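Below is my_file.txt, holding compact mmCIF, C-alpha atoms.
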```
# COMPACT_ATOMS: atom_id res chain seq x y z
CA MET A 11 -7.68 0.23 15.07
CA LEU A 12 -4.25 0.70 16.60
CA THR A 13 -1.34 -1.66 16.24
CA THR A 14 0.50 -2.55 19.45
CA LEU A 15 3.85 -4.18 20.09
CA GLU A 16 2.05 -7.44 20.83
CA ASN A 17 0.46 -7.82 17.40
CA ILE A 18 2.90 -6.08 15.08
CA GLN A 19 3.84 -8.42 12.21
CA ILE A 20 7.47 -8.12 11.16
CA LEU A 21 8.08 -9.60 7.70
CA TYR A 22 11.83 -8.93 7.46
CA GLU A 23 14.48 -7.10 9.44
CA ASP A 24 18.23 -6.60 9.48
CA ASN A 25 20.58 -3.80 10.54
CA HIS A 26 19.51 -1.51 7.71
CA ILE A 27 15.84 -2.16 6.88
CA ILE A 28 12.67 -3.47 8.48
CA MET A 29 9.42 -4.48 6.77
CA VAL A 30 6.03 -4.65 8.46
CA ASN A 31 2.61 -5.98 7.44
CA LYS A 32 0.35 -3.00 8.08
CA ARG A 33 -3.18 -3.70 9.26
CA VAL A 34 -6.30 -1.94 8.04
CA GLY A 35 -6.79 1.24 10.05
CA ASP A 36 -3.15 1.84 10.94
CA ILE A 37 -1.53 5.08 9.81
CA VAL A 38 2.09 4.95 8.68
CA GLN A 39 3.07 8.44 9.91
CA GLY A 40 1.44 10.83 12.35
CA ASP A 41 -1.41 13.01 11.09
CA LYS A 42 -4.03 15.39 12.42
CA THR A 43 -5.95 12.52 14.09
CA GLY A 44 -3.25 12.23 16.73
CA ASP A 45 -3.43 8.43 16.59
CA THR A 46 -0.19 6.57 17.28
CA PRO A 47 1.40 5.88 13.87
CA LEU A 48 3.04 2.66 12.77
CA ASN A 49 6.50 4.24 12.55
CA GLU A 50 6.38 5.06 16.26
CA ILE A 51 5.30 1.50 17.11
CA VAL A 52 8.18 0.12 15.05
CA LYS A 53 10.59 2.48 16.81
CA GLN A 54 9.40 1.12 20.16
CA TYR A 55 9.81 -2.43 18.90
CA ILE A 56 13.43 -1.75 17.87
CA GLN A 57 14.19 0.09 21.09
CA ILE A 58 12.93 -2.79 23.24
CA LYS A 59 14.28 -5.68 21.17
CA TYR A 60 17.78 -4.26 20.78
CA GLN A 61 17.83 -2.38 24.12
CA LYS A 62 18.66 0.90 22.43
CA PRO A 63 18.78 3.95 24.70
CA GLY A 64 17.53 7.30 23.46
CA ASP A 65 15.91 8.02 20.11
CA VAL A 66 15.78 5.32 17.45
CA PHE A 67 16.31 6.29 13.80
CA LEU A 68 13.56 5.05 11.49
CA GLY A 69 13.05 6.43 7.99
CA VAL A 70 9.70 6.17 6.23
CA VAL A 71 10.40 5.09 2.65
CA HIS A 72 6.79 5.05 1.40
CA ARG A 73 3.21 5.01 2.69
CA ILE A 74 -0.07 3.32 1.88
CA ASP A 75 -3.56 4.63 2.66
CA ARG A 76 -5.03 4.08 6.11
CA PRO A 77 -7.88 1.81 4.89
CA THR A 78 -5.44 -0.51 3.07
CA SER A 79 -3.20 -3.26 4.40
CA GLY A 80 0.13 -4.78 3.45
CA ILE A 81 3.86 -4.25 3.25
CA ILE A 82 5.52 -1.10 4.55
CA LEU A 83 9.29 -0.69 4.17
CA PHE A 84 11.24 1.35 6.72
CA ALA A 85 14.93 2.25 6.79
CA ARG A 86 16.90 1.71 10.00
CA THR A 87 19.89 3.81 8.91
CA SER A 88 20.23 7.13 7.13
CA LYS A 89 22.40 5.48 4.47
CA ALA A 90 19.69 2.93 3.71
CA LEU A 91 17.01 5.65 3.63
CA GLU A 92 18.95 7.77 1.14
CA ARG A 93 19.54 4.80 -1.17
CA LEU A 94 15.97 3.50 -0.90
CA ASN A 95 14.56 6.95 -1.69
CA GLU A 96 16.74 7.05 -4.79
CA MET A 97 15.63 3.53 -5.78
CA LEU A 98 12.00 4.55 -5.34
CA ARG A 99 12.48 7.58 -7.61
CA ASP A 100 14.20 5.36 -10.19
CA LYS A 101 11.36 2.79 -9.99
CA LYS A 102 13.71 0.08 -8.78
CA ILE A 103 11.39 -0.96 -5.94
CA ILE A 104 8.66 -3.14 -7.45
CA LYS A 105 5.43 -3.13 -5.44
CA THR A 106 2.64 -5.58 -6.25
CA TYR A 107 -0.90 -5.05 -4.96
CA TRP A 108 -3.95 -7.30 -4.71
CA ALA A 109 -7.45 -5.84 -4.91
CA ILE A 110 -10.90 -7.37 -4.58
CA ILE A 111 -13.25 -5.47 -6.85
CA LYS A 112 -16.88 -5.21 -7.80
CA ASN A 113 -17.64 -6.60 -11.27
CA THR A 114 -15.25 -8.32 -13.65
CA PRO A 115 -12.98 -5.98 -15.62
CA PRO A 116 -13.48 -5.74 -19.40
CA LYS A 117 -10.15 -7.50 -20.05
CA ASP A 118 -8.27 -10.24 -18.18
CA ALA A 119 -5.14 -8.08 -18.32
CA ASP A 120 -4.69 -4.47 -19.31
CA THR A 121 -2.79 -1.22 -18.86
CA LEU A 122 -4.87 1.68 -17.57
CA ILE A 123 -3.85 5.24 -18.41
CA HIS A 124 -5.70 8.17 -16.87
CA PHE A 125 -5.02 11.69 -15.67
CA LEU A 126 -5.70 12.28 -11.97
CA LYS A 127 -6.35 15.54 -10.16
CA LYS A 128 -6.32 15.60 -6.36
CA ASN A 129 -8.94 17.57 -4.46
CA GLU A 130 -7.37 18.60 -1.15
CA LYS A 131 -10.73 19.48 0.45
CA ASN A 132 -12.26 16.00 0.21
CA ASN A 133 -8.97 14.06 -0.12
CA LYS A 134 -10.10 12.44 -3.34
CA SER A 135 -8.69 12.13 -6.85
CA THR A 136 -10.81 12.78 -9.93
CA THR A 137 -10.09 10.74 -13.05
CA PHE A 138 -9.88 12.20 -16.56
CA SER A 139 -9.38 10.38 -19.84
CA SER A 140 -7.21 13.19 -21.21
CA GLU A 141 -4.87 15.75 -19.68
CA SER A 142 -6.48 18.67 -17.90
CA GLU A 143 -5.10 21.58 -15.91
CA GLY A 144 -3.44 20.38 -12.72
CA SER A 145 -3.76 16.69 -13.56
CA LYS A 146 -1.00 14.08 -13.43
CA LYS A 147 -0.63 11.07 -15.68
CA ALA A 148 -1.38 7.74 -13.96
CA ILE A 149 -0.43 4.34 -15.35
CA LEU A 150 -1.07 0.91 -13.85
CA HIS A 151 -1.03 -2.66 -15.10
CA TYR A 152 -3.46 -5.29 -13.87
CA LYS A 153 -4.24 -8.93 -14.43
CA LEU A 154 -7.23 -10.95 -13.32
CA LEU A 155 -6.22 -13.66 -10.85
CA LYS A 156 -9.55 -15.12 -9.80
CA ILE A 157 -13.30 -14.69 -10.21
CA LEU A 158 -15.19 -15.08 -6.91
CA ASP A 159 -18.95 -15.37 -6.42
CA ASN A 160 -19.62 -11.63 -6.36
CA TYR A 161 -16.18 -10.15 -6.85
CA SER A 162 -12.94 -10.43 -8.80
CA LEU A 163 -9.35 -10.56 -7.57
CA LEU A 164 -6.79 -8.43 -9.42
CA GLU A 165 -3.02 -8.21 -9.22
CA ILE A 166 -1.78 -4.68 -9.85
CA ASN A 167 1.59 -3.10 -10.59
CA LEU A 168 1.99 0.66 -10.61
CA GLU A 169 4.06 2.52 -13.16
CA THR A 170 3.34 5.85 -11.44
CA GLY A 171 2.57 6.66 -7.82
CA ARG A 172 -0.36 9.07 -7.71
CA HIS A 173 -2.76 9.93 -4.90
CA HIS A 174 -5.33 7.12 -4.53
CA GLN A 175 -4.24 5.90 -7.95
CA ILE A 176 -5.38 2.27 -7.79
CA ARG A 177 -8.67 3.20 -6.15
CA ALA A 178 -9.49 5.95 -8.64
CA GLN A 179 -8.41 4.10 -11.79
CA LEU A 180 -10.27 0.89 -10.98
CA ALA A 181 -13.39 2.89 -10.16
CA ALA A 182 -13.04 4.64 -13.53
CA ILE A 183 -13.48 1.31 -15.36
CA GLY A 184 -16.52 0.38 -13.26
CA CYS A 185 -14.64 -1.85 -10.81
CA PRO A 186 -14.44 -0.06 -7.44
CA ILE A 187 -12.58 -1.82 -4.65
CA LYS A 188 -14.72 -3.64 -2.09
CA GLY A 189 -15.56 -1.32 0.79
CA ASP A 190 -14.32 1.83 -0.91
CA LEU A 191 -17.28 4.18 -0.45
CA LYS A 192 -15.18 7.17 -1.54
CA TYR A 193 -14.77 5.68 -5.01
CA GLY A 194 -18.20 4.24 -5.61
CA PHE A 195 -18.51 0.90 -3.80
CA PRO A 196 -22.05 0.77 -2.39
CA ARG A 197 -21.26 -0.56 1.12
CA SER A 198 -18.50 -0.08 3.66
CA ASN A 199 -16.56 -2.97 5.18
CA ASN A 200 -17.18 -3.76 8.84
CA ASP A 201 -13.64 -2.71 9.78
CA GLY A 202 -13.84 0.55 7.84
CA GLY A 203 -11.11 -0.60 5.48
CA ILE A 204 -11.02 -1.52 1.82
CA HIS A 205 -9.92 -4.74 0.13
CA LEU A 206 -6.62 -3.40 -1.20
CA HIS A 207 -3.46 -5.12 0.00
CA ALA A 208 0.19 -4.30 -0.68
CA ARG A 209 1.02 -7.93 -1.37
CA LYS A 210 4.66 -8.09 -2.45
CA VAL A 211 7.82 -6.01 -2.68
CA ASP A 212 10.90 -6.81 -4.78
CA PHE A 213 14.12 -4.80 -4.71
CA THR A 214 17.88 -4.97 -4.31
CA HIS A 215 19.03 -4.48 -0.71
CA PRO A 216 20.44 -0.94 -0.42
CA VAL A 217 23.58 -2.08 1.42
CA SER A 218 24.22 -5.79 0.81
CA ASN A 219 22.96 -5.73 -2.82
CA GLN A 220 21.10 -8.99 -2.24
CA ASN A 221 17.78 -9.56 -4.02
CA ILE A 222 14.91 -9.13 -1.56
CA SER A 223 11.42 -10.48 -2.30
CA ILE A 224 8.87 -10.33 0.50
CA THR A 225 5.19 -11.33 0.41
CA ALA A 226 2.73 -10.10 3.04
CA PRO A 227 0.10 -12.56 4.32
CA LEU A 228 -3.46 -11.50 3.55
CA PRO A 229 -5.70 -10.14 6.33
CA GLU A 230 -7.88 -12.68 8.14
CA ASP A 231 -11.16 -12.15 6.35
CA ALA A 232 -13.78 -14.43 4.79
CA ILE A 233 -13.27 -13.02 1.29
CA TRP A 234 -9.49 -12.70 1.43
CA ASN A 235 -9.43 -16.33 2.60
CA LEU A 236 -10.88 -17.35 -0.78
CA CYS A 237 -7.89 -15.80 -2.54
CA GLU A 238 -4.98 -17.81 -1.13
```

What is this structure when it is put down as structure tokens?
Amino acid sequence: MLTTLENIQILYEDNHIIMVNKRVGDIVQGDKTGDTPLNEIVKQYIQIKYQKPGDVFLGVVHRIDRPTSGIILFARTSKALERLNEMLRDKKIIKTYWAIIKNTPPKDADTLIHFLKKNEKNNKSTTFSSESEGSKKAILHYKLLKILDNYSLLEINLETGRHHQIRAQLAAIGCPIKGDLKYGFPRSNNDGGIHLHARKVDFTHPVSNQNISITAPLPEDAIWNLCE
């Protein structure tokens, strides 16, 4: 699935930042697939809307996996990018995720601590309960928002940002994300995505110092529709 200028969903924009609701299947930056990435689409959007000649500056602040959906924050100026990168390192950008999972977790709210090791060959993270060579500590906090007929809806906040962290840690407690074949869900979703959505972002604007809180609408989907 490729996003086009016609269906790009802008959640917020000003002279320094722009936030987009990424669809399942979109890639944030270019990769070996050669598919047109979201950052290039956003550049085109800015170029056309503001009639900017030549190259448009757009800094990628963070990424989310191709099968996931939700908020992506871009910087429109180098000053904003530098400050946002620093805020990200200092954990001053609060990202909240929603996930639809198989089974109900053992607790309504909990902190999960694991050690993850990334396998470059299969692009997958293995979960360990204690530190092992090459592993990195992973911490997330979740709370149960809703129990559906066959699934549960979780809200998740990350304390660390590891490769496939949410996917791997939820699978480790027997609650893989719907559609996530790589981490143990039995069936794929029709769109090839998984039910993991970057729902909300809270931070202080890097230039104006205003409080910014943006929520991304959920994808149009029969199960997501039960979660509003």

Hey, could you make a per-residue contact list for region 93-154 of chain A against region 191-211 of chain A with 8 Å as the cut-off, showing the nearest pair of atoms and its distance in Å to one decimal, counting all atoms listed in the file, sorted by chain and number, as CSV?
```
residue,atom,partner,partner_atom,distance
A:Ile103,CA,A:Val211,CA,7.0
A:Ile104,CA,A:Val211,CA,5.6
A:Lys105,CA,A:Val211,CA,4.7
A:Thr106,CA,A:Lys210,CA,5.0
A:Tyr107,CA,A:Ala208,CA,4.5
A:Trp108,CA,A:His207,CA,5.2
A:Ala109,CA,A:Leu206,CA,4.5
A:Ile110,CA,A:His205,CA,5.5
A:Ile111,CA,A:His205,CA,7.8
A:Lys112,CA,A:Phe195,CA,7.5
A:Lys134,CA,A:Lys192,CA,7.5
```

Only C-alpha atoms, please: the residues just picked out, written as a short mmCIF file (atom, residue, chain, number, x, y, z; two decimals), in the frame of the given file.
```
data_model
loop_
_atom_site.label_atom_id
_atom_site.label_comp_id
_atom_site.auth_asym_id
_atom_site.auth_seq_id
_atom_site.Cartn_x
_atom_site.Cartn_y
_atom_site.Cartn_z
CA ILE A 103 11.39 -0.96 -5.94
CA ILE A 104 8.66 -3.14 -7.45
CA LYS A 105 5.43 -3.13 -5.44
CA THR A 106 2.64 -5.58 -6.25
CA TYR A 107 -0.90 -5.05 -4.96
CA TRP A 108 -3.95 -7.30 -4.71
CA ALA A 109 -7.45 -5.84 -4.91
CA ILE A 110 -10.90 -7.37 -4.58
CA ILE A 111 -13.25 -5.47 -6.85
CA LYS A 112 -16.88 -5.21 -7.80
CA LYS A 134 -10.10 12.44 -3.34
#
```

Mind checking which residues fall within 8 Å of region 162-179 of chain A, counting all atoms listed in the file, ignoring those fewer than 6 positions away in the same chain, and posting them as a PyMOL selection string? chain A and resi 75+101+104-114+122+124+126+128+134-137+146-156+186-187+190+193+237

May I ask which of the residues A:Lys188, A:His26, A:His72, A:Lys117 is the closest one to Asn49 (chain A), counting all atoms listed in the file?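 Among the listed residues, the smallest separation from Asn49 (chain A) belongs to A:His72.
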
Taking all atoms listed in the file into account, which of A:Gln61, A:Thr78, A:Asn235, A:Ser140 comes nearest Arg33 (chain A)? A:Thr78

Neighbours of Ser145 (chain A) within 7 Å (only C-alpha atoms; same-chain residues fewer than 3 positions away dropped), as an MDAnalysis selection string? chainID A and resid 125:127 141:142

Take the residues from that selection and put them in a file with C-alpha atoms, as an mmCIF file, in the frame of the given file.
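Wrote selection17.cif, looks like this:
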```cif
data_model
loop_
_atom_site.group_PDB
_atom_site.id
_atom_site.type_symbol
_atom_site.label_atom_id
_atom_site.label_comp_id
_atom_site.auth_asym_id
_atom_site.auth_seq_id
_atom_site.Cartn_x
_atom_site.Cartn_y
_atom_site.Cartn_z
ATOM 1 C CA PHE A 125 -5.020 11.690 -15.670
ATOM 2 C CA LEU A 126 -5.700 12.280 -11.970
ATOM 3 C CA LYS A 127 -6.350 15.540 -10.160
ATOM 4 C CA GLU A 141 -4.870 15.750 -19.680
ATOM 5 C CA SER A 142 -6.480 18.670 -17.900
#
```

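Residue nearest Val30 (chain A) within the list A:Val66, A:Ala232, A:Ile82, A:Ile157: A:Ile82 [criterion: smallest interatomic distance, all atoms listed in the file].
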
So what do you get for CA of Ile183 (chain A) versus CA of Asp159 (chain A), distance-wise?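 Answer for the CA of Ile183 (chain A) to CA of Asp159 (chain A) separation: 19.7 Å.
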
Just how far from CA of Asn31 (chain A) is CA of Ala85 (chain A), in Å to one decimal? 14.8 Å

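Distances to Tyr60 (chain A) were evaluated for A:Asn25, A:Lys42, A:Ser88, A:Ala119 using all atoms listed in the file, and the minimum falls at A:Asn25.
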
Tell me, in Å to one decimal, how far CA of Glu23 (chain A) is from CA of Asp231 (chain A). 26.3 Å

Excluding Arg86 (chain A) and any residue of its chain fewer than 3 positions from it, enumerate the residues within 8 Å of it, using all atoms listed in the file, and give them as a list in words.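 Here the answer would be Asn25, His26, Ile27, Ile28, Phe67, Leu68, Gly69, Ala90 and Leu91 of chain A.
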
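Comparing the minimum interatomic distances between Leu236 (chain A) and each of A:Thr43, A:Gln54, A:Thr121, A:Asn160, counting all atoms listed in the file, we find that A:Asn160 sits nearest.
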
Mind completing region 123-142 of chain A with N, CA and C atoms? Output as a PDB file, in the coordinates of the input, please?
```pdb
ATOM      1  N   ILE A 123      -4.490   3.922 -18.371  1.00  0.00           N
ATOM      2  CA  ILE A 123      -3.850   5.240 -18.410  1.00  0.00           C
ATOM      3  C   ILE A 123      -4.930   6.302 -18.215  1.00  0.00           C
ATOM      4  N   HIS A 124      -4.782   7.075 -17.161  1.00  0.00           N
ATOM      5  CA  HIS A 124      -5.700   8.170 -16.870  1.00  0.00           C
ATOM      6  C   HIS A 124      -4.899   9.396 -16.449  1.00  0.00           C
ATOM      7  N   PHE A 125      -5.609  10.488 -16.240  1.00  0.00           N
ATOM      8  CA  PHE A 125      -5.020  11.690 -15.670  1.00  0.00           C
ATOM      9  C   PHE A 125      -5.793  12.008 -14.392  1.00  0.00           C
ATOM     10  N   LEU A 126      -5.065  12.113 -13.277  1.00  0.00           N
ATOM     11  CA  LEU A 126      -5.700  12.280 -11.970  1.00  0.00           C
ATOM     12  C   LEU A 126      -5.455  13.682 -11.427  1.00  0.00           C
ATOM     13  N   LYS A 127      -6.481  14.249 -10.824  1.00  0.00           N
ATOM     14  CA  LYS A 127      -6.350  15.540 -10.160  1.00  0.00           C
ATOM     15  C   LYS A 127      -6.845  15.381  -8.722  1.00  0.00           C
ATOM     16  N   LYS A 128      -5.983  15.742  -7.775  1.00  0.00           N
ATOM     17  CA  LYS A 128      -6.320  15.600  -6.360  1.00  0.00           C
ATOM     18  C   LYS A 128      -7.090  16.809  -5.852  1.00  0.00           C
ATOM     19  N   ASN A 129      -8.173  16.533  -5.132  1.00  0.00           N
ATOM     20  CA  ASN A 129      -8.940  17.570  -4.460  1.00  0.00           C
ATOM     21  C   ASN A 129      -8.555  17.540  -2.977  1.00  0.00           C
ATOM     22  N   GLU A 130      -7.863  18.584  -2.527  1.00  0.00           N
ATOM     23  CA  GLU A 130      -7.370  18.600  -1.150  1.00  0.00           C
ATOM     24  C   GLU A 130      -8.519  18.654  -0.136  1.00  0.00           C
ATOM     25  N   LYS A 131      -9.627  19.289  -0.510  1.00  0.00           N
ATOM     26  CA  LYS A 131     -10.730  19.480   0.450  1.00  0.00           C
ATOM     27  C   LYS A 131     -11.377  18.157   0.849  1.00  0.00           C
ATOM     28  N   ASN A 132     -11.610  17.278  -0.135  1.00  0.00           N
ATOM     29  CA  ASN A 132     -12.260  16.000   0.210  1.00  0.00           C
ATOM     30  C   ASN A 132     -11.294  14.816   0.135  1.00  0.00           C
ATOM     31  N   ASN A 133     -10.002  15.115  -0.061  1.00  0.00           N
ATOM     32  CA  ASN A 133      -8.970  14.060  -0.120  1.00  0.00           C
ATOM     33  C   ASN A 133      -9.368  12.961  -1.100  1.00  0.00           C
ATOM     34  N   LYS A 134      -9.655  13.390  -2.316  1.00  0.00           N
ATOM     35  CA  LYS A 134     -10.100  12.440  -3.340  1.00  0.00           C
ATOM     36  C   LYS A 134      -9.499  12.844  -4.683  1.00  0.00           C
ATOM     37  N   SER A 135      -9.212  11.850  -5.516  1.00  0.00           N
ATOM     38  CA  SER A 135      -8.690  12.130  -6.850  1.00  0.00           C
ATOM     39  C   SER A 135      -9.773  11.924  -7.901  1.00  0.00           C
ATOM     40  N   THR A 136      -9.869  12.868  -8.817  1.00  0.00           N
ATOM     41  CA  THR A 136     -10.810  12.780  -9.930  1.00  0.00           C
ATOM     42  C   THR A 136     -10.063  12.261 -11.153  1.00  0.00           C
ATOM     43  N   THR A 137     -10.718  11.389 -11.903  1.00  0.00           N
ATOM     44  CA  THR A 137     -10.090  10.740 -13.050  1.00  0.00           C
ATOM     45  C   THR A 137     -10.543  11.385 -14.354  1.00  0.00           C
ATOM     46  N   PHE A 138      -9.581  11.668 -15.228  1.00  0.00           N
ATOM     47  CA  PHE A 138      -9.880  12.200 -16.560  1.00  0.00           C
ATOM     48  C   PHE A 138      -9.262  11.292 -17.603  1.00  0.00           C
ATOM     49  N   SER A 139      -9.905  11.214 -18.765  1.00  0.00           N
ATOM     50  CA  SER A 139      -9.380  10.380 -19.840  1.00  0.00           C
ATOM     51  C   SER A 139      -8.296  11.096 -20.638  1.00  0.00           C
ATOM     52  N   SER A 140      -8.255  12.425 -20.530  1.00  0.00           N
ATOM     53  CA  SER A 140      -7.210  13.190 -21.210  1.00  0.00           C
ATOM     54  C   SER A 140      -6.670  14.247 -20.246  1.00  0.00           C
ATOM     55  N   GLU A 141      -5.539  14.810 -20.585  1.00  0.00           N
ATOM     56  CA  GLU A 141      -4.870  15.750 -19.680  1.00  0.00           C
ATOM     57  C   GLU A 141      -5.710  17.000 -19.477  1.00  0.00           C
ATOM     58  N   SER A 142      -5.789  17.425 -18.217  1.00  0.00           N
ATOM     59  CA  SER A 142      -6.480  18.670 -17.900  1.00  0.00           C
ATOM     60  C   SER A 142      -5.597  19.463 -16.943  1.00  0.00           C
TER      61      SER A 142
END
```
